[in-house]
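Peer 1: Could you have a look at this structure, given as structure tokens, before my questions?
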Amino acid sequence: MKRVAIQGFSGCFHEEAARLFYGGEEIEIVECGTFEALFRAMGQGRADAAVMAIENTISGGLLPNFDLLRKNPQKVKGEVYIPIHQNLMALPGQKLEDIREVRTHYMAINQTREFFETRAPWIRMVESEDTAKSAADLAREKLTGVGAVASKIAAERYGLEILAPGIETFKDNFTRFLIMDDGMRVEKSRIDKASLCFTLPHKPGSLAHILTILSFYDMNLTRIQSLPIPGRKWQYFFYADIRFDSYERYNQALSAVRPLIDDLDILGEYPSQLL
């Protein structure tokens, strides 16, 4: 059975992403408290794969996770998008009017703030480390007058009642997750996306030159993110996702840009998933 590390606890969105990606394959979930722990679990042989959120359509990129991809040897082998539906839940038998405090992750607070400001302004929001753990703690401690915001799976798993479903402010809300799986072999014929990290000479026009070349080779830049290089002022790591129709043209594009960049790290080559 494949052991898949997730950031968070049983019933969280990371688990949902893992089970969606691996489909009908039976997997064992390895809970990790932090994103760093995902890579430690793989490096120490406690997990065969890992699932890590990398960006959300509302909140944007999880910037520290780009750095983790660069620093660790595991390569991206796939991606999966899941819709994020937040639900207000509590112990059975309570009503919305009974709830005085809600516990959840800070991103869930950001995604549901409008609901609480307009529908339940008397509720105090308390930040926790994980959406699913908030639900689990609520059930274990049998807390009344306290709610949690988490997934439908978490409500079902911990025997909680959903008082208000789908309370996220923006309904078209998706999170993209990356899959690191050292045992997965991806046929080159299926690869149409790559995640790259590169650095450039500190001179005018460097990035524009690279982007022009990628465009010439029909590379579709779907994301680019810059992060400072510690100790080198005004210089940056550039993280880029590109999609392509031809793996051969992709290799030609890399050959064309290599002489113009200082360093290039291929973080992963994998089949894309479209929303």
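A note on labels: chains of the structure tokens are A, B, ... as shown, every chain counts residues from 1, and ligands are counted from 1 in their shown order.
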Name the residues of region 20-246 of chain A that come out as strand (DSSP E) in a backbone DSSP run; write them as a PyMOL selection string.
Peer 2: chain A and resi 27-32+49-56+60-61+76-83+87-90+101-105+124-128+146-150+161-164+174-181+193-199+220-228+236-243
Peer 1: Which residues of region 88-129 of chain A have any atom within 7 Å of an atom in region 158-182 of chain A when counting only C-alpha atoms, and what is the closest pair of atoms for each, with the distance in Å to one decimal? Order the rows by chain and rising number and write it as JSON lines.
Peer 2:
{"residue": "A:Leu88", "atom": "CA", "partner": "A:Ala164", "partner_atom": "CA", "distance": 5.1}
{"residue": "A:Met89", "atom": "CA", "partner": "A:Ile162", "partner_atom": "CA", "distance": 4.2}
{"residue": "A:Ala90", "atom": "CA", "partner": "A:Leu160", "partner_atom": "CA", "distance": 5.4}
{"residue": "A:Leu91", "atom": "CA", "partner": "A:Leu160", "partner_atom": "CA", "distance": 5.0}
{"residue": "A:Pro92", "atom": "CA", "partner": "A:Glu161", "partner_atom": "CA", "distance": 5.1}
{"residue": "A:Lys95", "atom": "CA", "partner": "A:Leu163", "partner_atom": "CA", "distance": 6.7}
{"residue": "A:Leu96", "atom": "CA", "partner": "A:Leu163", "partner_atom": "CA", "distance": 6.3}
{"residue": "A:Gln111", "atom": "CA", "partner": "A:Glu168", "partner_atom": "CA", "distance": 5.3}
{"residue": "A:Thr112", "atom": "CA", "partner": "A:Glu168", "partner_atom": "CA", "distance": 4.6}
{"residue": "A:Glu114", "atom": "CA", "partner": "A:Thr169", "partner_atom": "CA", "distance": 6.1}
{"residue": "A:Phe115", "atom": "CA", "partner": "A:Ile167", "partner_atom": "CA", "distance": 6.1}
Peer 1: Keeping only N, CA and C atoms, write those residues as a PDB file, in the first residue's frame.
Peer 2:
ATOM      1  N   LEU A  88     -19.498  25.355   7.911  1.00  0.00           N
ATOM      2  CA  LEU A  88     -19.545  25.592   9.344  1.00  0.00           C
ATOM      3  C   LEU A  88     -20.216  24.391  10.000  1.00  0.00           C
ATOM      4  N   MET A  89     -19.529  23.780  10.970  1.00  0.00           N
ATOM      5  CA  MET A  89     -20.031  22.559  11.609  1.00  0.00           C
ATOM      6  C   MET A  89     -19.905  22.644  13.119  1.00  0.00           C
ATOM      7  N   ALA A  90     -20.716  21.833  13.797  1.00  0.00           N
ATOM      8  CA  ALA A  90     -20.709  21.805  15.260  1.00  0.00           C
ATOM      9  C   ALA A  90     -21.259  20.455  15.708  1.00  0.00           C
ATOM     10  N   LEU A  91     -21.247  20.227  17.014  1.00  0.00           N
ATOM     11  CA  LEU A  91     -21.850  19.009  17.545  1.00  0.00           C
ATOM     12  C   LEU A  91     -23.331  18.974  17.188  1.00  0.00           C
ATOM     13  N   PRO A  92     -23.891  17.807  16.931  1.00  0.00           N
ATOM     14  CA  PRO A  92     -25.304  17.704  16.535  1.00  0.00           C
ATOM     15  C   PRO A  92     -26.243  18.321  17.570  1.00  0.00           C
ATOM     16  N   LYS A  95     -27.802  25.040  16.860  1.00  0.00           N
ATOM     17  CA  LYS A  95     -28.172  25.946  15.788  1.00  0.00           C
ATOM     18  C   LYS A  95     -27.087  27.014  15.632  1.00  0.00           C
ATOM     19  N   LEU A  96     -27.173  27.726  14.536  1.00  0.00           N
ATOM     20  CA  LEU A  96     -26.193  28.781  14.291  1.00  0.00           C
ATOM     21  C   LEU A  96     -26.190  29.785  15.443  1.00  0.00           C
ATOM     22  N   GLN A 111     -11.167  32.980   3.754  1.00  0.00           N
ATOM     23  CA  GLN A 111     -12.079  32.579   2.691  1.00  0.00           C
ATOM     24  C   GLN A 111     -13.548  32.662   3.093  1.00  0.00           C
ATOM     25  N   THR A 112     -13.827  32.804   4.395  1.00  0.00           N
ATOM     26  CA  THR A 112     -15.223  32.801   4.864  1.00  0.00           C
ATOM     27  C   THR A 112     -15.594  34.048   5.664  1.00  0.00           C
ATOM     28  N   GLU A 114     -16.608  36.995   5.024  1.00  0.00           N
ATOM     29  CA  GLU A 114     -17.835  37.720   4.676  1.00  0.00           C
ATOM     30  C   GLU A 114     -19.067  37.063   5.290  1.00  0.00           C
ATOM     31  N   PHE A 115     -19.097  35.727   5.299  1.00  0.00           N
ATOM     32  CA  PHE A 115     -20.243  35.022   5.892  1.00  0.00           C
ATOM     33  C   PHE A 115     -20.409  35.400   7.356  1.00  0.00           C
TER      34      PHE A 115
END
Peer 1: Nearest residue to Leu227 (chain A) out of A:Pro64, A:Pro204, A:Gly11, A:Gly23, using only C-alpha atoms?
Peer 2: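 With only C-alpha atoms as the atom set, the closest residue is A:Pro64.
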Peer 1: List the neighbours of region 207-210 of chain A out to 10 Å using only C-alpha atoms; skip same-chain residues closer than 5 positions along the sequence, and give me the result as number ranges by chain.
Peer 2: A: 199-202, 215-216, 238, 253-254, 256-258, 260-261
Peer 1: Save out the residues we just selected, N, CA, C and O atoms, as a PDB file, in the first residue's frame.
Peer 2:
ATOM      1  N   THR A 199      17.847  31.170 -12.123  1.00  0.00           N
ATOM      2  CA  THR A 199      18.373  32.487 -11.755  1.00  0.00           C
ATOM      3  C   THR A 199      18.988  33.119 -12.994  1.00  0.00           C
ATOM      4  O   THR A 199      19.420  32.420 -13.924  1.00  0.00           O
ATOM      5  N   LEU A 200      19.027  34.447 -12.997  1.00  0.00           N
ATOM      6  CA  LEU A 200      19.461  35.188 -14.173  1.00  0.00           C
ATOM      7  C   LEU A 200      20.606  36.143 -13.827  1.00  0.00           C
ATOM      8  O   LEU A 200      20.728  36.582 -12.676  1.00  0.00           O
ATOM      9  N   PRO A 201      21.418  36.490 -14.819  1.00  0.00           N
ATOM     10  CA  PRO A 201      22.419  37.541 -14.602  1.00  0.00           C
ATOM     11  C   PRO A 201      21.731  38.843 -14.215  1.00  0.00           C
ATOM     12  O   PRO A 201      20.632  39.143 -14.689  1.00  0.00           O
ATOM     13  N   HIS A 202      22.363  39.605 -13.361  1.00  0.00           N
ATOM     14  CA  HIS A 202      21.755  40.843 -12.868  1.00  0.00           C
ATOM     15  C   HIS A 202      22.035  41.967 -13.865  1.00  0.00           C
ATOM     16  O   HIS A 202      22.903  42.823 -13.677  1.00  0.00           O
ATOM     17  N   SER A 215       8.526  31.789 -25.658  1.00  0.00           N
ATOM     18  CA  SER A 215       7.393  32.036 -26.541  1.00  0.00           C
ATOM     19  C   SER A 215       7.679  31.544 -27.956  1.00  0.00           C
ATOM     20  O   SER A 215       6.806  30.949 -28.601  1.00  0.00           O
ATOM     21  N   PHE A 216       8.896  31.759 -28.416  1.00  0.00           N
ATOM     22  CA  PHE A 216       9.276  31.318 -29.768  1.00  0.00           C
ATOM     23  C   PHE A 216       9.113  29.809 -29.916  1.00  0.00           C
ATOM     24  O   PHE A 216       8.709  29.318 -30.980  1.00  0.00           O
ATOM     25  N   PHE A 238      13.527  32.587  -9.894  1.00  0.00           N
ATOM     26  CA  PHE A 238      12.292  32.636 -10.673  1.00  0.00           C
ATOM     27  C   PHE A 238      11.739  31.215 -10.767  1.00  0.00           C
ATOM     28  O   PHE A 238      12.425  30.296 -11.224  1.00  0.00           O
ATOM     29  N   ALA A 253      13.668  24.337 -26.211  1.00  0.00           N
ATOM     30  CA  ALA A 253      13.556  25.607 -25.505  1.00  0.00           C
ATOM     31  C   ALA A 253      14.541  25.673 -24.341  1.00  0.00           C
ATOM     32  O   ALA A 253      15.206  26.703 -24.129  1.00  0.00           O
ATOM     33  N   LEU A 254      14.664  24.584 -23.592  1.00  0.00           N
ATOM     34  CA  LEU A 254      15.617  24.565 -22.484  1.00  0.00           C
ATOM     35  C   LEU A 254      17.049  24.721 -22.994  1.00  0.00           C
ATOM     36  O   LEU A 254      17.866  25.445 -22.390  1.00  0.00           O
ATOM     37  N   ALA A 256      17.974  26.301 -25.567  1.00  0.00           N
ATOM     38  CA  ALA A 256      18.162  27.672 -26.047  1.00  0.00           C
ATOM     39  C   ALA A 256      18.367  28.662 -24.901  1.00  0.00           C
ATOM     40  O   ALA A 256      19.098  29.651 -25.061  1.00  0.00           O
ATOM     41  N   VAL A 257      17.728  28.403 -23.752  1.00  0.00           N
ATOM     42  CA  VAL A 257      17.835  29.376 -22.653  1.00  0.00           C
ATOM     43  C   VAL A 257      18.994  29.086 -21.701  1.00  0.00           C
ATOM     44  O   VAL A 257      19.443  29.988 -20.983  1.00  0.00           O
ATOM     45  N   ARG A 258      19.500  27.869 -21.692  1.00  0.00           N
ATOM     46  CA  ARG A 258      20.553  27.515 -20.721  1.00  0.00           C
ATOM     47  C   ARG A 258      21.761  28.447 -20.790  1.00  0.00           C
ATOM     48  O   ARG A 258      22.293  28.854 -19.744  1.00  0.00           O
ATOM     49  N   LEU A 260      21.879  31.474 -21.284  1.00  0.00           N
ATOM     50  CA  LEU A 260      21.522  32.825 -20.872  1.00  0.00           C
ATOM     51  C   LEU A 260      21.167  32.929 -19.395  1.00  0.00           C
ATOM     52  O   LEU A 260      20.865  34.016 -18.903  1.00  0.00           O
ATOM     53  N   ILE A 261      21.171  31.805 -18.681  1.00  0.00           N
ATOM     54  CA  ILE A 261      20.813  31.808 -17.273  1.00  0.00           C
ATOM     55  C   ILE A 261      21.978  31.314 -16.434  1.00  0.00           C
ATOM     56  O   ILE A 261      22.892  30.645 -16.935  1.00  0.00           O
TER      57      ILE A 261
END
Peer 1: Select, from A:Arg19, A:Arg103, A:Lys75, A:Arg157, the residue with the minimum atom-to-atom distance to Arg185 (chain A), counting only C-alpha atoms.
Peer 2: A:Lys75
Peer 1: So, counting only C-alpha atoms, which residue among A:Phe244, A:Phe13, A:Phe198, A:Trp122 is closest to Ser272 (chain A)?
Peer 2: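 Checking each candidate against Ser272 (chain A), we get A:Phe244 as the closest.
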Peer 1: Rank A:His85, A:Ser151, A:Lys203, A:Thr34 by their smallest atom-to-atom distance to Gln235 (chain A), using only C-alpha atoms, and report the top residue only.
Peer 2: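 Nearest to Gln235 (chain A): A:Lys203.
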